[in-house]
Structure formats: structure tokens, C-alpha cells
$ cat start.txt   # compact mmCIF, C-alpha atoms and all ligand atoms
# COMPACT_ATOMS: atom_id res chain seq x y z
CA MET X 1 0.00 0.00 0.00
CA GLN X 2 1.37 3.41 -0.93
CA VAL X 3 0.92 6.30 1.49
CA VAL X 4 1.02 9.57 -0.41
CA ALA X 5 0.84 13.09 1.02
CA ASP X 6 1.56 15.10 -2.12
CA PRO X 7 -1.60 15.92 -4.15
CA ALA X 8 0.28 15.92 -7.50
CA GLU X 9 1.79 12.51 -6.79
CA PHE X 10 -1.58 11.11 -5.69
CA HIS X 11 -3.08 12.40 -8.94
CA ARG X 12 -0.32 10.78 -11.01
CA LEU X 13 -0.76 7.43 -9.26
CA CYS X 14 -4.54 7.48 -9.52
CA ARG X 15 -4.47 8.35 -13.24
CA GLY X 16 -2.85 4.99 -13.94
CA TRP X 17 -5.46 3.06 -11.96
CA ALA X 18 -8.34 5.16 -13.24
CA ALA X 19 -7.42 4.17 -16.80
CA ALA X 20 -7.26 0.44 -15.98
CA ALA X 21 -10.22 -1.88 -16.61
CA GLY X 22 -12.42 -2.03 -13.51
CA GLY X 23 -11.56 1.54 -12.56
CA LEU X 24 -10.61 3.15 -9.28
CA GLY X 25 -12.77 3.33 -6.16
CA LEU X 26 -12.26 6.24 -3.77
CA VAL X 27 -13.16 6.14 -0.07
CA PRO X 28 -12.87 9.68 1.34
CA THR X 29 -12.51 9.74 5.15
CA MET X 30 -11.34 11.95 7.96
CA GLY X 31 -9.61 8.98 9.59
CA ALA X 32 -10.16 7.53 13.09
CA LEU X 33 -11.50 4.62 11.11
CA HIS X 34 -14.19 2.25 12.38
CA ALA X 35 -16.18 -0.64 10.96
CA GLY X 36 -18.38 1.78 9.01
CA HIS X 37 -15.39 3.08 7.06
CA LEU X 38 -14.09 -0.44 6.52
CA SER X 39 -17.44 -1.46 5.04
CA LEU X 40 -16.93 1.27 2.40
CA VAL X 41 -13.46 -0.06 1.66
CA ARG X 42 -14.80 -3.61 1.32
CA ALA X 43 -17.55 -2.42 -1.01
CA SER X 44 -14.91 -0.86 -3.24
CA ARG X 45 -12.57 -3.86 -2.99
CA GLY X 46 -15.41 -6.09 -4.17
CA ARG X 47 -15.99 -3.96 -7.23
CA ASP X 48 -13.09 -1.79 -8.29
CA ALA X 49 -9.72 -2.77 -9.77
CA ALA X 50 -7.97 -0.52 -7.24
CA THR X 51 -9.11 1.26 -4.08
CA ALA X 52 -7.73 4.55 -2.81
CA ALA X 53 -8.69 6.02 0.55
CA SER X 54 -8.09 9.54 1.77
CA ILE X 55 -7.49 10.53 5.36
CA PHE X 56 -7.85 14.26 5.79
CA VAL X 57 -9.44 16.16 8.66
CA ASN X 58 -10.78 18.89 6.46
CA PRO X 59 -10.59 22.25 8.24
CA LEU X 60 -13.06 23.84 5.80
CA GLN X 61 -15.98 21.79 7.11
CA PHE X 62 -15.56 22.76 10.77
CA GLY X 63 -17.05 25.98 12.12
CA PRO X 64 -15.52 28.20 14.79
CA GLY X 65 -15.85 26.51 18.19
CA GLU X 66 -16.38 23.06 16.64
CA ASP X 67 -14.17 20.03 17.24
CA PHE X 68 -11.52 20.42 14.51
CA ALA X 69 -8.61 20.59 16.98
CA ARG X 70 -9.71 17.61 19.05
CA TYR X 71 -11.11 15.46 16.22
CA PRO X 72 -9.52 12.01 16.77
CA ARG X 73 -6.41 11.40 14.69
CA ALA X 74 -4.91 7.90 14.45
CA LEU X 75 -2.94 7.86 11.22
CA GLU X 76 -0.68 4.90 11.95
CA ARG X 77 -3.51 2.68 13.16
CA ASP X 78 -5.70 3.78 10.21
CA CYS X 79 -2.98 2.94 7.67
CA ALA X 80 -2.50 -0.50 9.24
CA LEU X 81 -6.25 -1.16 8.99
CA LEU X 82 -6.38 -0.02 5.37
CA GLU X 83 -3.36 -2.09 4.44
CA ARG X 84 -5.01 -5.16 5.96
CA GLU X 85 -8.12 -4.44 3.84
CA GLY X 86 -6.02 -4.46 0.67
CA VAL X 87 -6.25 -0.74 -0.11
CA THR X 88 -3.92 0.27 -2.95
CA ALA X 89 -3.09 3.81 -1.83
CA VAL X 90 -3.84 6.19 1.01
CA PHE X 91 -3.80 9.93 0.48
CA THR X 92 -2.83 11.84 3.62
CA PRO X 93 -2.32 15.46 2.59
CA ALA X 94 -1.39 18.32 4.91
CA ALA X 95 -3.95 21.13 5.08
CA GLU X 96 -1.47 23.54 3.42
CA ALA X 97 -1.10 21.19 0.46
CA MET X 98 -4.87 21.06 -0.08
CA TYR X 99 -5.45 24.74 0.71
CA PRO X 100 -2.49 27.01 -0.08
CA ALA X 101 -2.59 30.43 1.57
CA ASP X 102 -4.31 32.04 -1.42
CA PHE X 103 -6.91 29.26 -1.90
CA ALA X 104 -10.04 31.11 -2.95
CA THR X 105 -12.55 28.64 -4.39
CA ALA X 106 -15.60 27.05 -2.79
CA VAL X 107 -18.30 24.68 -4.01
CA GLU X 108 -21.74 25.68 -2.77
CA VAL X 109 -24.75 23.41 -3.25
CA ALA X 110 -27.27 26.13 -2.51
CA GLY X 111 -30.39 25.26 -0.54
CA LEU X 112 -29.47 21.68 0.34
CA SER X 113 -26.43 22.94 2.23
CA GLU X 114 -28.63 24.89 4.64
CA ARG X 115 -30.82 21.93 5.62
CA LEU X 116 -30.49 19.40 8.48
CA CYS X 117 -26.86 19.58 9.71
CA GLY X 118 -26.32 22.55 7.41
CA ALA X 119 -28.83 24.59 9.45
CA SER X 120 -26.91 24.12 12.69
CA ARG X 121 -23.44 24.05 11.10
CA PRO X 122 -23.30 27.02 8.69
CA GLY X 123 -20.63 26.50 6.03
CA HIS X 124 -20.20 22.81 6.86
CA PHE X 125 -21.48 21.46 3.56
CA ARG X 126 -19.60 24.11 1.57
CA GLY X 127 -16.44 22.68 3.14
CA VAL X 128 -17.54 19.11 2.43
CA ALA X 129 -18.48 19.79 -1.21
CA THR X 130 -15.24 21.69 -1.82
CA VAL X 131 -12.96 18.99 -0.48
CA VAL X 132 -14.92 16.13 -2.06
CA LEU X 133 -14.82 17.76 -5.50
CA LYS X 134 -11.08 18.38 -5.09
CA LEU X 135 -10.57 14.71 -4.12
CA PHE X 136 -12.61 13.64 -7.17
CA LEU X 137 -10.46 15.82 -9.44
CA LEU X 138 -7.25 14.44 -7.96
CA ALA X 139 -8.25 10.77 -7.96
CA GLN X 140 -10.69 10.70 -10.91
CA PRO X 141 -12.41 7.63 -9.46
CA ALA X 142 -15.03 5.63 -11.33
CA ARG X 143 -16.86 5.26 -8.02
CA ALA X 144 -16.76 6.99 -4.63
CA TYR X 145 -18.12 5.45 -1.45
CA PHE X 146 -19.98 7.24 1.35
CA GLY X 147 -21.90 6.09 4.41
CA GLN X 148 -25.67 6.49 4.72
CA LYS X 149 -25.15 7.75 8.27
CA ASP X 150 -24.28 11.16 6.78
CA ALA X 151 -27.53 11.24 4.83
CA ALA X 152 -27.49 15.01 4.28
CA GLN X 153 -23.88 14.83 3.07
CA VAL X 154 -24.94 12.13 0.61
CA ALA X 155 -27.71 14.40 -0.72
CA VAL X 156 -25.31 17.33 -1.10
CA ILE X 157 -22.66 15.24 -2.88
CA ARG X 158 -25.16 13.57 -5.19
CA ARG X 159 -26.56 16.95 -6.19
CA MET X 160 -23.08 18.38 -6.75
CA VAL X 161 -22.18 15.40 -8.95
CA ARG X 162 -25.40 15.74 -10.92
CA ASP X 163 -25.19 19.53 -11.31
CA LEU X 164 -21.54 19.54 -12.39
CA ALA X 165 -21.77 16.29 -14.41
CA ALA X 166 -18.84 14.89 -12.45
CA PRO X 167 -18.03 11.52 -14.03
CA VAL X 168 -18.17 9.50 -10.80
CA GLU X 169 -20.75 7.06 -9.49
CA ILE X 170 -21.73 7.69 -5.87
CA VAL X 171 -22.14 4.45 -3.92
CA VAL X 172 -23.90 4.73 -0.58
CA CYS X 173 -23.35 1.95 1.98
CA PRO X 174 -25.65 1.11 4.90
CA ILE X 175 -25.10 2.43 8.42
CA VAL X 176 -22.98 0.09 10.53
CA ARG X 177 -24.19 -0.14 14.14
CA GLU X 178 -22.79 -1.43 17.39
CA PRO X 179 -24.71 -4.50 18.68
CA ASP X 180 -26.85 -2.19 20.89
CA GLY X 181 -27.83 0.01 17.94
CA LEU X 182 -25.45 2.95 18.32
CA ALA X 183 -24.37 4.09 14.86
CA MET X 184 -20.61 3.84 14.39
CA SER X 185 -18.97 7.26 14.38
CA SER X 186 -15.45 8.54 14.94
CA ARG X 187 -17.03 10.98 17.39
CA ASN X 188 -18.18 8.11 19.63
CA ALA X 189 -14.58 8.30 20.93
CA TYR X 190 -15.67 11.45 22.82
CA LEU X 191 -18.20 9.49 24.91
CA ASP X 192 -17.48 8.22 28.40
CA ALA X 193 -19.48 5.23 29.67
CA ALA X 194 -22.43 7.34 30.85
CA ALA X 195 -22.60 9.44 27.68
CA ARG X 196 -22.29 6.23 25.61
CA ARG X 197 -25.47 4.96 27.33
CA HIS X 198 -27.28 8.27 26.80
CA ALA X 199 -26.27 8.22 23.11
CA LEU X 200 -28.47 5.15 22.56
CA ALA X 201 -31.43 7.55 22.73
CA LEU X 202 -30.74 8.58 19.11
CA TYR X 203 -31.41 5.13 17.71
CA ARG X 204 -34.27 4.62 20.18
CA SER X 205 -35.85 7.85 18.96
CA LEU X 206 -35.63 6.64 15.34
CA SER X 207 -36.98 3.22 16.30
CA VAL X 208 -39.98 4.76 18.09
CA MET X 209 -40.79 6.83 15.01
CA ARG X 210 -40.40 3.81 12.72
CA ASP X 211 -42.66 1.71 15.02
CA ARG X 212 -45.35 4.42 15.01
CA TYR X 213 -45.07 4.63 11.22
CA GLN X 214 -45.41 0.86 10.92
CA ALA X 215 -48.47 1.04 13.20
CA GLY X 216 -50.06 3.42 10.67
CA GLU X 217 -49.03 6.93 11.74
CA ARG X 218 -48.33 9.14 8.71
CA ASP X 219 -48.47 12.62 10.25
CA PRO X 220 -44.86 13.89 10.40
CA ALA X 221 -45.66 16.24 13.30
CA ARG X 222 -46.89 13.37 15.47
CA LEU X 223 -44.01 11.09 14.44
CA LEU X 224 -41.44 13.79 15.17
CA ALA X 225 -43.02 14.67 18.52
CA ALA X 226 -42.68 11.01 19.55
CA GLY X 227 -39.04 10.92 18.43
CA ARG X 228 -38.18 14.21 20.09
CA ALA X 229 -39.82 13.09 23.36
CA VAL X 230 -37.38 10.14 23.52
CA LEU X 231 -34.39 12.47 23.15
CA GLU X 232 -35.77 15.00 25.63
CA ALA X 233 -36.42 12.32 28.23
CA GLU X 234 -32.80 11.17 28.17
CA PRO X 235 -30.51 12.93 30.64
CA GLY X 236 -27.37 14.38 29.09
CA VAL X 237 -28.96 14.59 25.64
CA ARG X 238 -29.82 17.92 23.98
CA PRO X 239 -31.68 17.47 20.69
CA ASP X 240 -30.47 19.51 17.73
CA TYR X 241 -33.04 18.38 15.17
CA VAL X 242 -35.56 15.62 14.57
CA ALA X 243 -36.74 15.62 10.97
CA ALA X 244 -38.81 13.72 8.43
CA VAL X 245 -37.61 14.78 4.99
CA ASP X 246 -37.29 13.78 1.37
CA PRO X 247 -33.81 12.19 1.12
CA ASP X 248 -32.91 14.08 -2.09
CA SER X 249 -34.22 17.57 -1.37
CA LEU X 250 -33.94 17.31 2.43
CA LEU X 251 -37.25 19.23 2.58
CA PRO X 252 -39.88 18.23 5.16
CA VAL X 253 -42.47 15.76 3.85
CA ALA X 254 -46.19 16.52 4.08
CA ALA X 255 -46.87 12.89 4.96
CA ALA X 256 -44.46 10.11 5.88
CA GLY X 257 -44.22 7.34 3.30
CA PRO X 258 -41.86 4.76 1.84
CA GLY X 259 -38.45 6.39 1.30
CA THR X 260 -38.97 9.19 3.84
CA LEU X 261 -35.74 9.95 5.68
CA LEU X 262 -36.08 10.17 9.46
CA ALA X 263 -33.02 12.00 10.78
CA VAL X 264 -31.90 13.03 14.25
CA ALA X 265 -28.99 15.03 15.63
CA ALA X 266 -28.26 15.63 19.29
CA PHE X 267 -25.55 16.82 21.61
CA VAL X 268 -24.49 14.06 23.99
CA GLY X 269 -21.87 15.18 26.47
CA PRO X 270 -19.01 16.61 24.41
CA ALA X 271 -20.21 15.04 21.13
CA ARG X 272 -22.70 16.06 18.49
CA LEU X 273 -24.06 12.84 17.03
CA ILE X 274 -26.32 12.09 14.08
CA ASP X 275 -28.32 9.06 12.99
CA ASN X 276 -31.10 8.30 10.53
CA LEU X 277 -33.23 5.68 8.90
CA LEU X 278 -35.16 5.42 5.67
CA LEU X 279 -38.78 4.31 5.99
O1 LIG O 301 -17.76 11.97 5.88
C1 LIG O 301 -16.61 12.41 6.09
O2 LIG O 301 -15.81 11.81 6.79
C2 LIG O 301 -16.20 13.75 5.49
O3 LIG O 301 -17.24 14.65 5.51
C3 LIG O 301 -15.62 13.62 4.08
C4 LIG O 301 -16.63 13.08 3.08
C5 LIG O 301 -14.40 12.69 4.12
C6 LIG O 301 -15.14 14.98 3.58
O4 LIG O 301 -14.18 15.53 4.42

$ encode --input "start.txt" --output "C-alpha cells"
Amino acid sequence: MQVVADPAEFHRLCRGWAAAAGGLGLVPTMGALHAGHLSLVRASRGRDAATAASIFVNPLQFGPGEDFARYPRALERDCALLEREGVTAVFTPAAEAMYPADFATAVEVAGLSERLCGASRPGHFRGVATVVLKLFLLAQPARAYFGQKDAAQVAVIRRMVRDLAAPVEIVVCPIVREPDGLAMSSRNAYLDAAARRHALALYRSLSVMRDRYQAGERDPARLLAAGRAVLEAEPGVRPDYVAAVDPDSLLPVAAAGPGTLLAVAAFVGPARLIDNLLL
């Protein structure tokens, strides 16, 4: 496995694989890898001739006062995991290499970027779209793999790819959960034992909404009230949003139905966590 920090060198390497039959798969990450990330790698390994991963804690997608400085970093461990999974190359650029001092360009997916996490994290999706497009241009992958846990990110990236006719297929892999239901997240590392227990309220809140839906409830207001009540009843949990939206537009649905995205975000101790399910 090659570990490459220089964007130009990564581009040169990827061009060779991108031209080969079977194409290149790209798994963009911010590192601190868990089973969710590895499921993306395995999806690519099962399909693409070569798999490249990126590990880059992207400063552009963190707002002031957010967790950029303390975001978990575990480069050596991550590289060992990726090597074991058979990844061909890992791109680990420095921030200055991705964003020189006079970097002046941003990718804005207007509208979508202000919904769900974008409403509480202004500028977040501009940072995501900008780095993801730059990674696509460097790697020129046939396919890029993202987790369904970041459902709003998936919507933003899909729209960017469609609007700009970027020649890359977006593959979305299912959420990977701990046995008790907690969605895998690098930010789970912030949780102590008590906060870890409180964090289960996110999945419980989604499960309550799904159960009510399966029992016949279609009114989003009543579904969301039930989901929010679960979060509010849990000590140490402060809900950010509870939403029932169309997964492509991220706009609230008038009535819940097949394909509706139920999404929650909440502050649990020092972490802001998200989770979702598709009805
Ligand atoms: O999902 C993530 O880890 C990040 O948002 C991504 C897609 C790697 C861009 O920095």
C-alpha cells in the first residue's frame, strides 16, 4: 500500500489506476476509522480494480468553536487497517497542500447545504463539497463510497455530482451499528461510559418513530413529537433536530411514506451525534 501526502503525486498514481479496466474506487474519510469506514473499503474492494482512501481532517468543514482541533487522529492505526483491507493507496495530505494560503474557491450546493446539519453548522457542507470535488479531481475515481449515516452529506454530494456532471458514481453503503444500535462514528470516541449509554437515545428515537409509522401513523408532526420526546427524556442529551424529509431535497415531507428519511442530531456530552433511517 502506498501512502502519499503530495496531491500531484496522488493524482499521477490514480491516473494509472483510473485508466485500468475495472476503474478506481475512492473512499474519502477523515480517519479515526471504524467498521463503518471499513465497510466502504470492502464495497470498493469487491468492485473496483484498485481502491484509494483519503485521510484528511478537512478544516473547511468545521465551524468556529467546533471540534476540529480535538477530532480524533490515528494515522498509523488507520494505515495498518487499510493495508489489511487491501487498499492500494492512502492519500494523507497536509492542510497547506490542499489549501495554499491564497486558496479562494468554494463549491456551494445552494439550498441543500442549509438543511439538516447545514442549518446548525453554517458553512459545513460548503467545506464538504469543496474537499470532495477536489478529491474527485485528484483521484478521478469511477466510483466513490460514502456512508448512509451522513444522509445530508450524501444528498449534497449527489446533487453536486449531478449539477456539475462529475463523471463519478456515488455508492452509498448502509449504516454500521454497534450491537446495541449505536451508529458507528469517529465521534463516539468522545463518549465516556455514561454518555455512551445516553447516546443510545438517538437510535431509540428513530426506532420509536419507525414503530409508530409501521403502526399506521403518517403525520410527520406526530411522528417527530414522539421521536423528540425520547431524546428530551434522556438525561445528558440535547436534541439539535428531529426531521422527516425527502432524502434528495432534504425538505420536510407533508406525509411520511416509503423512502422518507427520518433523521436526528443531538448533543451528547461533548459530542454532536447524528443518525437516521429510511422508511
Ligand atoms: O464523511 C466524512 O468523513 C467527510 O465529511 C468527508 C466526506 C471525508 C469529507 O471531508

$ residues_near_ligand --input "start.txt" --ligand "ligand LIG 301 (chain O)" --cutoff "7 Å" --atoms "all atoms listed in the file" --output "PyMOL selection string"
chain X and resi 28-30+56-58+128+131-132+146+150

$ closest_residue --input "start.txt" --among "X:Ala201, X:Ala194, X:Ala104, X:Ala243" --to "Leu273 in chain X" --atoms "all atoms listed in the file"
X:Ala201

$ residues_near_point --input "start.txt" --point "(-14.3, 23.4, 10.3)" --cutoff "12 Å" --atoms "only C-alpha atoms" --output "ChimeraX atom specification"
/X:57-71,95,121-128,131

$ write_last_selection --input "start.txt" --atoms "C-alpha atoms" --output "short mmCIF file (atom, residue, chain, number, x, y, z; two decimals), in the coordinates of the input"
data_model
loop_
_atom_site.label_atom_id
_atom_site.label_comp_id
_atom_site.auth_asym_id
_atom_site.auth_seq_id
_atom_site.Cartn_x
_atom_site.Cartn_y
_atom_site.Cartn_z
CA VAL X 57 -9.44 16.16 8.66
CA ASN X 58 -10.78 18.89 6.46
CA PRO X 59 -10.59 22.25 8.24
CA LEU X 60 -13.06 23.84 5.80
CA GLN X 61 -15.98 21.79 7.11
CA PHE X 62 -15.56 22.76 10.77
CA GLY X 63 -17.05 25.98 12.12
CA PRO X 64 -15.52 28.20 14.79
CA GLY X 65 -15.85 26.51 18.19
CA GLU X 66 -16.38 23.06 16.64
CA ASP X 67 -14.17 20.03 17.24
CA PHE X 68 -11.52 20.42 14.51
CA ALA X 69 -8.61 20.59 16.98
CA ARG X 70 -9.71 17.61 19.05
CA TYR X 71 -11.11 15.46 16.22
CA ALA X 95 -3.95 21.13 5.08
CA ARG X 121 -23.44 24.05 11.10
CA PRO X 122 -23.30 27.02 8.69
CA GLY X 123 -20.63 26.50 6.03
CA HIS X 124 -20.20 22.81 6.86
CA PHE X 125 -21.48 21.46 3.56
CA ARG X 126 -19.60 24.11 1.57
CA GLY X 127 -16.44 22.68 3.14
CA VAL X 128 -17.54 19.11 2.43
CA VAL X 131 -12.96 18.99 -0.48
#

$ closest_residue --input "start.txt" --among "X:Val156, X:Ala19, X:Leu112, X:Leu202" --to "Ile170 in chain X" --atoms "all atoms listed in the file"
X:Val156

$ residues_around --input "start.txt" --residues "Leu138 in chain X" --least-positions-apart "5" --cutoff "10 Å" --atoms "all atoms listed in the file" --output "list of chain:residue names"
X:Pro7, X:Ala8, X:Glu9, X:Phe10, X:His11, X:Arg12, X:Leu13, X:Cys14, X:Arg15, X:Val132, X:Leu133

$ atom_distance --input "start.txt" --atom1 "CA of Val268 in chain X" --atom2 "CA of Leu40 in chain X"
26.2 Å

$ residues_near_point --input "start.txt" --point "(-6.1, 4.9, 7.3)" --cutoff "9 Å" --atoms "only C-alpha atoms" --output "PyMOL selection string"
chain X and resi 29-33+53-55+74-83+90-92
